[in-house]
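Trainee: Have a look at this one before I ask anything.
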Amino acid sequence: MSGSTFGTKFKITTWGESHGAGVGVVIDGCPAGLPLCEEDIQRYLDRRKPGQSRFSTPRKEDDTALIQSGIFEGRTTGTPISIAVYNKNQRSADYSEIASYYRPGHADYTFDQKYGFRDYRGGGRSSARETIGRVAAGAVAAKLLDTIGIHFLTYVKSIGPVTIDPAHFDASCIETHPLRMPDAVAAAEAQAYLDRCMQSQNSSGGVVECIIKGVPAGIGEPVFQKLDSALAGAIFSIGAVKGFEIGDGFAAARATGIENNDAFYSDKHGQIRKKTNHAGGILGGISDGSDIILRAAFKPTPSVSAVQQTVSKNGETISIQVKGRHDPVIVPRAVVVVEAMAALTLADLTLLNLGAQADCVSDFYITSQKK
């Protein structure tokens with residue numbers, strides 16, 4: 001299987017299966033000297049850990065990060081960083097029937113068609129548990145970006161028909177509420193909606209919004225490595241994502257040019273700014289210094305307890321009820337996954353950007369020689 005590696009300079013390879021011995025990641029290209037410890041990674045993993053509320057899978061896992069290489073005396077060495085998380089609470093028997101049929105909304109059929117064989121225990125590599133490696137690597141990328149003042153604010157914007165109201169925005173609710181919505185009123189409405197979904201053995205989708213602050217102007221390339229296209233590819237690589245927007249996104253198609261354009265001005269310090277941010281912080285594939293605003297639309301969890309129609313591997317029409325432990329909504333746990341993929345993309349393009357101007361190259365080596 002190819003396609004488990006992401007990035008060019010800051011490169012990661014995730015490994016492992018949902019019901020195997022464990023999952024993890026190898027990070028190649030992280031600069032030496034970055035202060036890093038397992039607690040830095042654990043804070044990110046705890047944000048996606050299962051079993052934290054009645055709206056997530058009851059599978060109980062510690063998801064403890066173990067750094068196995070690339071760190072010495074609390075700093076990165078510049079060599080590959082390997083991070084492992086061992087599975088402790090698999091119940092593979094819950095999935096034994098899946099080997100004989102194709103679950104609606106899952107990758108069972110496409111895996112069989114591509115490989116002629118699949119790990120049916122929880123979905124194998126297509127399981128959401130694969131994102132542990134992404135999140136662990138994203139924690140490292142975010143810490144690297146923090147050294148240059150780039151920070152993330154990521155949350156659930158909507159669940160089903162319930163969308164947060166900007167007038168009620170309260171960032172303190174994101175990590176204190178199980179639905180990670182920064183609007184207490186909307187969160188209560190979303191809880192009631194999810195209760196109705198669960199009572200009818202159904203699930204819900206939603207939207208995650210990520211605001212990236214402190215990105216300097218000039219990150220990204222103008223043709224095939226545009227910052228917005230790189231972010232789109234990264235976010236779309238998350239299994240359940242079905243839609244992506246930057247800035248006004250699809251709403252820009254309903255606007256006029258005058259409405260959509262962001263006027264420039266000089267602030268009191270002589271810095272060039274924009275009066276609005278319809279572009280979402282990216283112009284011509286390159287960051288413009290404004291907040292980068294992106295959104296990811298997640299489909300409803302396909303594993304539902306209600307009776308569904310499908311076919312067996314020999315083409316026989318059958319009715320099934322999916323067993324196992326599943327999230328009625330995945331967007332609260334996906335918040336940190338979106339943030340991790342955004343961090344990995346920016347870390348990669350930021351490092352690649354160091355060679356964009358000759359002065360940057362000469363300054364780096366002249367400074368190095370003076371040390």
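Ligands are numbered from 1 in the order shown, residues from 1 within each chain, and chains are lettered A, B, ... in the order they appear in the structure tokens.
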Could you pull out the strand (DSSP E or B) residues of stretch 193-322 of chain A from DSSP and send them as number ranges by chain?

Mentor: A: 204, 206-213, 241-246, 264-266, 272-274, 282-283, 286-287, 292-298, 308-312, 317-320

Trainee: Write out as a count of residues only the residues lying within 6 Å of stretch 187-204 of chain A, counting only C-alpha atoms and excluding same-chain residues fewer than 3 positions away.

Mentor: 11

Trainee: Show which residues sit within 6 Å of stretch 279-282 of chain A, as a list in words. Count only C-alpha atoms, and ignore same-chain residues fewer than 5 positions away.

Mentor: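 Counting only the stated atoms, we get Ile246, Gly247, Ser287, Asp288, Ser290, Asp291, Ile292 and Ile293 of chain A.
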
Trainee: Go ahead and compute the interatomic distance for atom CA of A:Ala263 and atom CA of A:His278, in Å to one decimal.

Mentor: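 Taking atom CA of A:Ala263 and atom CA of A:His278, their separation equals 10.1 Å.
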
Trainee: Write out as a ChimeraX atom specification which residues come within 6 Å of stretch 4-16 of chain A when counting only C-alpha atoms, dropping same-chain ones fewer than 3 positions away.

Mentor: /A:22-30,133,348

Trainee: Keeping only C-alpha atoms, write the selected residues as an mmCIF file, in the first residue's frame.

Mentor:
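File produced: result.cif:
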data_model
loop_
_atom_site.group_PDB
_atom_site.id
_atom_site.type_symbol
_atom_site.label_atom_id
_atom_site.label_comp_id
_atom_site.auth_asym_id
_atom_site.auth_seq_id
_atom_site.Cartn_x
_atom_site.Cartn_y
_atom_site.Cartn_z
ATOM 1 C CA GLY A 22 -0.737 -0.106 17.611
ATOM 2 C CA VAL A 23 -0.582 2.981 15.437
ATOM 3 C CA GLY A 24 1.954 5.734 15.050
ATOM 4 C CA VAL A 25 4.055 7.992 12.876
ATOM 5 C CA VAL A 26 7.596 8.653 11.721
ATOM 6 C CA ILE A 27 8.485 12.329 11.217
ATOM 7 C CA ASP A 28 11.396 13.116 8.903
ATOM 8 C CA GLY A 29 12.692 16.648 8.398
ATOM 9 C CA CYS A 30 11.980 18.270 11.757
ATOM 10 C CA GLY A 133 -0.314 9.361 13.865
ATOM 11 C CA ASP A 348 6.180 21.913 5.439
#

Trainee: Could you state the separation of atom CA of A:Leu144 and atom CA of A:Pro31 in Å, given to one decimal place?

Mentor: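 Between atom CA of A:Leu144 and atom CA of A:Pro31 the gap is 8.6 Å.
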
Trainee: Return the single residue from A:Val307, A:Cys37, A:Leu45, A:Lys226 that is closest to A:Ser69, with distances computed using only C-alpha atoms.

Mentor: A:Cys37

Trainee: Find, counting only C-alpha atoms, the residue in A:Pro80, A:Gly105, A:Ala141, A:Val338 that gets nearest to A:Pro35.

Mentor: A:Ala141

Trainee: Excluding A:Val335 and any residue of its chain fewer than 2 positions from it, enumerate the residues within 12 Å of it, using only C-alpha atoms, and give them as a PDB file with N, CA and C atoms, in the first residue's frame.

Mentor:
ATOM      1  N   TYR A  44      -2.210  16.925  22.598  1.00  0.00           N
ATOM      2  CA  TYR A  44      -2.957  16.833  21.346  1.00  0.00           C
ATOM      3  C   TYR A  44      -3.740  15.527  21.276  1.00  0.00           C
ATOM      4  N   LEU A  45      -3.111  14.418  21.638  1.00  0.00           N
ATOM      5  CA  LEU A  45      -3.789  13.124  21.568  1.00  0.00           C
ATOM      6  C   LEU A  45      -4.992  13.070  22.506  1.00  0.00           C
ATOM      7  N   ASP A  46      -4.891  13.721  23.649  1.00  0.00           N
ATOM      8  CA  ASP A  46      -6.013  13.710  24.603  1.00  0.00           C
ATOM      9  C   ASP A  46      -7.237  14.410  24.016  1.00  0.00           C
ATOM     10  N   ARG A  47      -7.035  15.325  23.083  1.00  0.00           N
ATOM     11  CA  ARG A  47      -8.163  16.041  22.471  1.00  0.00           C
ATOM     12  C   ARG A  47      -8.961  15.150  21.511  1.00  0.00           C
ATOM     13  N   ARG A  48      -8.346  14.066  20.977  1.00  0.00           N
ATOM     14  CA  ARG A  48      -9.069  13.166  20.077  1.00  0.00           C
ATOM     15  C   ARG A  48      -9.364  11.813  20.727  1.00  0.00           C
ATOM     16  N   LYS A  49      -9.009  11.650  21.983  1.00  0.00           N
ATOM     17  CA  LYS A  49      -9.150  10.359  22.644  1.00  0.00           C
ATOM     18  C   LYS A  49     -10.618   9.929  22.723  1.00  0.00           C
ATOM     19  N   THR A 131      -5.763   8.348  12.405  1.00  0.00           N
ATOM     20  CA  THR A 131      -5.466   9.771  12.582  1.00  0.00           C
ATOM     21  C   THR A 131      -4.619  10.041  13.826  1.00  0.00           C
ATOM     22  N   VAL A 135      -2.181  13.276  14.333  1.00  0.00           N
ATOM     23  CA  VAL A 135      -2.295  14.201  15.463  1.00  0.00           C
ATOM     24  C   VAL A 135      -0.972  14.303  16.217  1.00  0.00           C
ATOM     25  N   PHE A 152      -3.195  28.375  16.382  1.00  0.00           N
ATOM     26  CA  PHE A 152      -4.423  27.817  15.820  1.00  0.00           C
ATOM     27  C   PHE A 152      -5.587  27.976  16.791  1.00  0.00           C
ATOM     28  N   LEU A 153      -6.749  28.301  16.223  1.00  0.00           N
ATOM     29  CA  LEU A 153      -8.014  28.304  16.965  1.00  0.00           C
ATOM     30  C   LEU A 153      -8.982  27.445  16.146  1.00  0.00           C
ATOM     31  N   THR A 154      -9.301  26.255  16.651  1.00  0.00           N
ATOM     32  CA  THR A 154     -10.079  25.285  15.889  1.00  0.00           C
ATOM     33  C   THR A 154     -11.248  24.797  16.732  1.00  0.00           C
ATOM     34  N   TYR A 155     -12.415  24.659  16.098  1.00  0.00           N
ATOM     35  CA  TYR A 155     -13.621  24.333  16.850  1.00  0.00           C
ATOM     36  C   TYR A 155     -14.690  23.780  15.915  1.00  0.00           C
ATOM     37  N   VAL A 156     -15.784  23.302  16.505  1.00  0.00           N
ATOM     38  CA  VAL A 156     -16.933  22.828  15.734  1.00  0.00           C
ATOM     39  C   VAL A 156     -17.816  24.023  15.408  1.00  0.00           C
ATOM     40  N   LYS A 157     -18.014  24.259  14.135  1.00  0.00           N
ATOM     41  CA  LYS A 157     -18.858  25.379  13.702  1.00  0.00           C
ATOM     42  C   LYS A 157     -20.321  24.966  13.635  1.00  0.00           C
ATOM     43  N   SER A 158     -20.572  23.723  13.225  1.00  0.00           N
ATOM     44  CA  SER A 158     -21.960  23.256  13.147  1.00  0.00           C
ATOM     45  C   SER A 158     -22.032  21.752  13.313  1.00  0.00           C
ATOM     46  N   ILE A 174     -14.602  25.837  24.012  1.00  0.00           N
ATOM     47  CA  ILE A 174     -14.138  24.835  23.055  1.00  0.00           C
ATOM     48  C   ILE A 174     -13.611  23.595  23.754  1.00  0.00           C
ATOM     49  N   GLU A 175     -12.760  23.780  24.749  1.00  0.00           N
ATOM     50  CA  GLU A 175     -12.169  22.619  25.417  1.00  0.00           C
ATOM     51  C   GLU A 175     -12.924  22.192  26.668  1.00  0.00           C
ATOM     52  N   PRO A 178     -18.168  19.066  25.629  1.00  0.00           N
ATOM     53  CA  PRO A 178     -17.874  17.844  24.862  1.00  0.00           C
ATOM     54  C   PRO A 178     -18.050  17.978  23.354  1.00  0.00           C
ATOM     55  N   LEU A 179     -18.871  18.938  22.909  1.00  0.00           N
ATOM     56  CA  LEU A 179     -19.075  19.112  21.467  1.00  0.00           C
ATOM     57  C   LEU A 179     -18.101  20.115  20.860  1.00  0.00           C
ATOM     58  N   ARG A 180     -17.280  20.752  21.685  1.00  0.00           N
ATOM     59  CA  ARG A 180     -16.249  21.703  21.234  1.00  0.00           C
ATOM     60  C   ARG A 180     -16.826  22.816  20.362  1.00  0.00           C
ATOM     61  N   MET A 181     -17.989  23.301  20.754  1.00  0.00           N
ATOM     62  CA  MET A 181     -18.612  24.439  20.079  1.00  0.00           C
ATOM     63  C   MET A 181     -18.404  25.683  20.935  1.00  0.00           C
ATOM     64  N   GLY A 206     -21.118  17.352  10.414  1.00  0.00           N
ATOM     65  CA  GLY A 206     -20.909  18.702  10.909  1.00  0.00           C
ATOM     66  C   GLY A 206     -19.741  19.366  10.224  1.00  0.00           C
ATOM     67  N   VAL A 207     -19.420  20.576  10.673  1.00  0.00           N
ATOM     68  CA  VAL A 207     -18.357  21.372  10.075  1.00  0.00           C
ATOM     69  C   VAL A 207     -17.374  21.804  11.146  1.00  0.00           C
ATOM     70  N   VAL A 208     -16.078  21.652  10.862  1.00  0.00           N
ATOM     71  CA  VAL A 208     -15.000  22.141  11.727  1.00  0.00           C
ATOM     72  C   VAL A 208     -14.401  23.372  11.072  1.00  0.00           C
ATOM     73  N   GLU A 209     -14.221  24.421  11.854  1.00  0.00           N
ATOM     74  CA  GLU A 209     -13.581  25.639  11.357  1.00  0.00           C
ATOM     75  C   GLU A 209     -12.235  25.823  12.043  1.00  0.00           C
ATOM     76  N   CYS A 210     -11.241  26.219  11.276  1.00  0.00           N
ATOM     77  CA  CYS A 210      -9.893  26.430  11.800  1.00  0.00           C
ATOM     78  C   CYS A 210      -9.422  27.822  11.401  1.00  0.00           C
ATOM     79  N   ILE A 211      -9.008  28.605  12.391  1.00  0.00           N
ATOM     80  CA  ILE A 211      -8.451  29.935  12.150  1.00  0.00           C
ATOM     81  C   ILE A 211      -6.972  29.885  12.527  1.00  0.00           C
ATOM     82  N   ILE A 235      -6.564  18.457   4.213  1.00  0.00           N
ATOM     83  CA  ILE A 235      -7.833  18.269   4.922  1.00  0.00           C
ATOM     84  C   ILE A 235      -8.664  17.180   4.252  1.00  0.00           C
ATOM     85  N   ILE A 238      -8.293  13.504   5.284  1.00  0.00           N
ATOM     86  CA  ILE A 238      -8.970  12.985   6.480  1.00  0.00           C
ATOM     87  C   ILE A 238     -10.192  12.196   6.019  1.00  0.00           C
ATOM     88  N   VAL A 241     -14.004  13.624   5.484  1.00  0.00           N
ATOM     89  CA  VAL A 241     -14.208  14.973   4.952  1.00  0.00           C
ATOM     90  C   VAL A 241     -14.790  14.897   3.544  1.00  0.00           C
ATOM     91  N   ARG A 295     -12.538  25.707   6.494  1.00  0.00           N
ATOM     92  CA  ARG A 295     -13.607  24.878   7.052  1.00  0.00           C
ATOM     93  C   ARG A 295     -13.611  23.494   6.388  1.00  0.00           C
ATOM     94  N   ALA A 296     -13.907  22.482   7.185  1.00  0.00           N
ATOM     95  CA  ALA A 296     -13.989  21.112   6.688  1.00  0.00           C
ATOM     96  C   ALA A 296     -15.353  20.535   7.031  1.00  0.00           C
ATOM     97  N   ALA A 297     -16.050  20.025   6.009  1.00  0.00           N
ATOM     98  CA  ALA A 297     -17.367  19.420   6.207  1.00  0.00           C
ATOM     99  C   ALA A 297     -17.208  17.912   6.350  1.00  0.00           C
ATOM    100  N   PHE A 298     -17.705  17.361   7.453  1.00  0.00           N
ATOM    101  CA  PHE A 298     -17.614  15.926   7.735  1.00  0.00           C
ATOM    102  C   PHE A 298     -18.964  15.253   7.518  1.00  0.00           C
ATOM    103  N   VAL A 329     -21.378  11.154  16.343  1.00  0.00           N
ATOM    104  CA  VAL A 329     -20.910  12.321  15.592  1.00  0.00           C
ATOM    105  C   VAL A 329     -19.392  12.371  15.792  1.00  0.00           C
ATOM    106  N   ILE A 330     -18.649  12.575  14.711  1.00  0.00           N
ATOM    107  CA  ILE A 330     -17.195  12.534  14.841  1.00  0.00           C
ATOM    108  C   ILE A 330     -16.546  13.917  14.889  1.00  0.00           C
ATOM    109  N   VAL A 331     -17.307  14.969  14.573  1.00  0.00           N
ATOM    110  CA  VAL A 331     -16.673  16.287  14.447  1.00  0.00           C
ATOM    111  C   VAL A 331     -16.004  16.794  15.732  1.00  0.00           C
ATOM    112  N   PRO A 332     -16.526  16.542  16.938  1.00  0.00           N
ATOM    113  CA  PRO A 332     -15.802  17.047  18.114  1.00  0.00           C
ATOM    114  C   PRO A 332     -14.391  16.464  18.232  1.00  0.00           C
ATOM    115  N   ARG A 333     -14.231  15.176  17.933  1.00  0.00           N
ATOM    116  CA  ARG A 333     -12.905  14.556  17.991  1.00  0.00           C
ATOM    117  C   ARG A 333     -12.079  14.895  16.752  1.00  0.00           C
ATOM    118  N   VAL A 337      -7.773  16.845  14.602  1.00  0.00           N
ATOM    119  CA  VAL A 337      -7.234  16.240  13.379  1.00  0.00           C
ATOM    120  C   VAL A 337      -7.105  17.306  12.289  1.00  0.00           C
ATOM    121  N   VAL A 338      -8.128  18.136  12.148  1.00  0.00           N
ATOM    122  CA  VAL A 338      -8.075  19.246  11.188  1.00  0.00           C
ATOM    123  C   VAL A 338      -6.913  20.172  11.537  1.00  0.00           C
ATOM    124  N   GLU A 339      -6.794  20.504  12.814  1.00  0.00           N
ATOM    125  CA  GLU A 339      -5.722  21.393  13.247  1.00  0.00           C
ATOM    126  C   GLU A 339      -4.353  20.776  12.962  1.00  0.00           C
ATOM    127  N   ALA A 340      -4.225  19.475  13.197  1.00  0.00           N
ATOM    128  CA  ALA A 340      -2.951  18.795  12.963  1.00  0.00           C
ATOM    129  C   ALA A 340      -2.561  18.824  11.491  1.00  0.00           C
ATOM    130  N   MET A 341      -3.517  18.549  10.596  1.00  0.00           N
ATOM    131  CA  MET A 341      -3.206  18.547   9.169  1.00  0.00           C
ATOM    132  C   MET A 341      -2.876  19.949   8.671  1.00  0.00           C
ATOM    133  N   ALA A 342      -3.546  20.962   9.226  1.00  0.00           N
ATOM    134  CA  ALA A 342      -3.221  22.345   8.863  1.00  0.00           C
ATOM    135  C   ALA A 342      -1.815  22.697   9.336  1.00  0.00           C
TER     136      ALA A 342
END

Trainee: Within 7 Å of stretch 97-101 of chain A, counting only C-alpha atoms, which residues show up once you throw out same-chain ones fewer than 5 positions away? Write them as number ranges by chain, please.

Mentor: A: 120, 311-313

Trainee: For each of A:Leu354, A:Val322, A:Ala142, A:Leu349, take the minimum atom-to-atom distance to A:Arg103, counting only C-alpha atoms, then give the residue where this is smallest.

Mentor: A:Val322
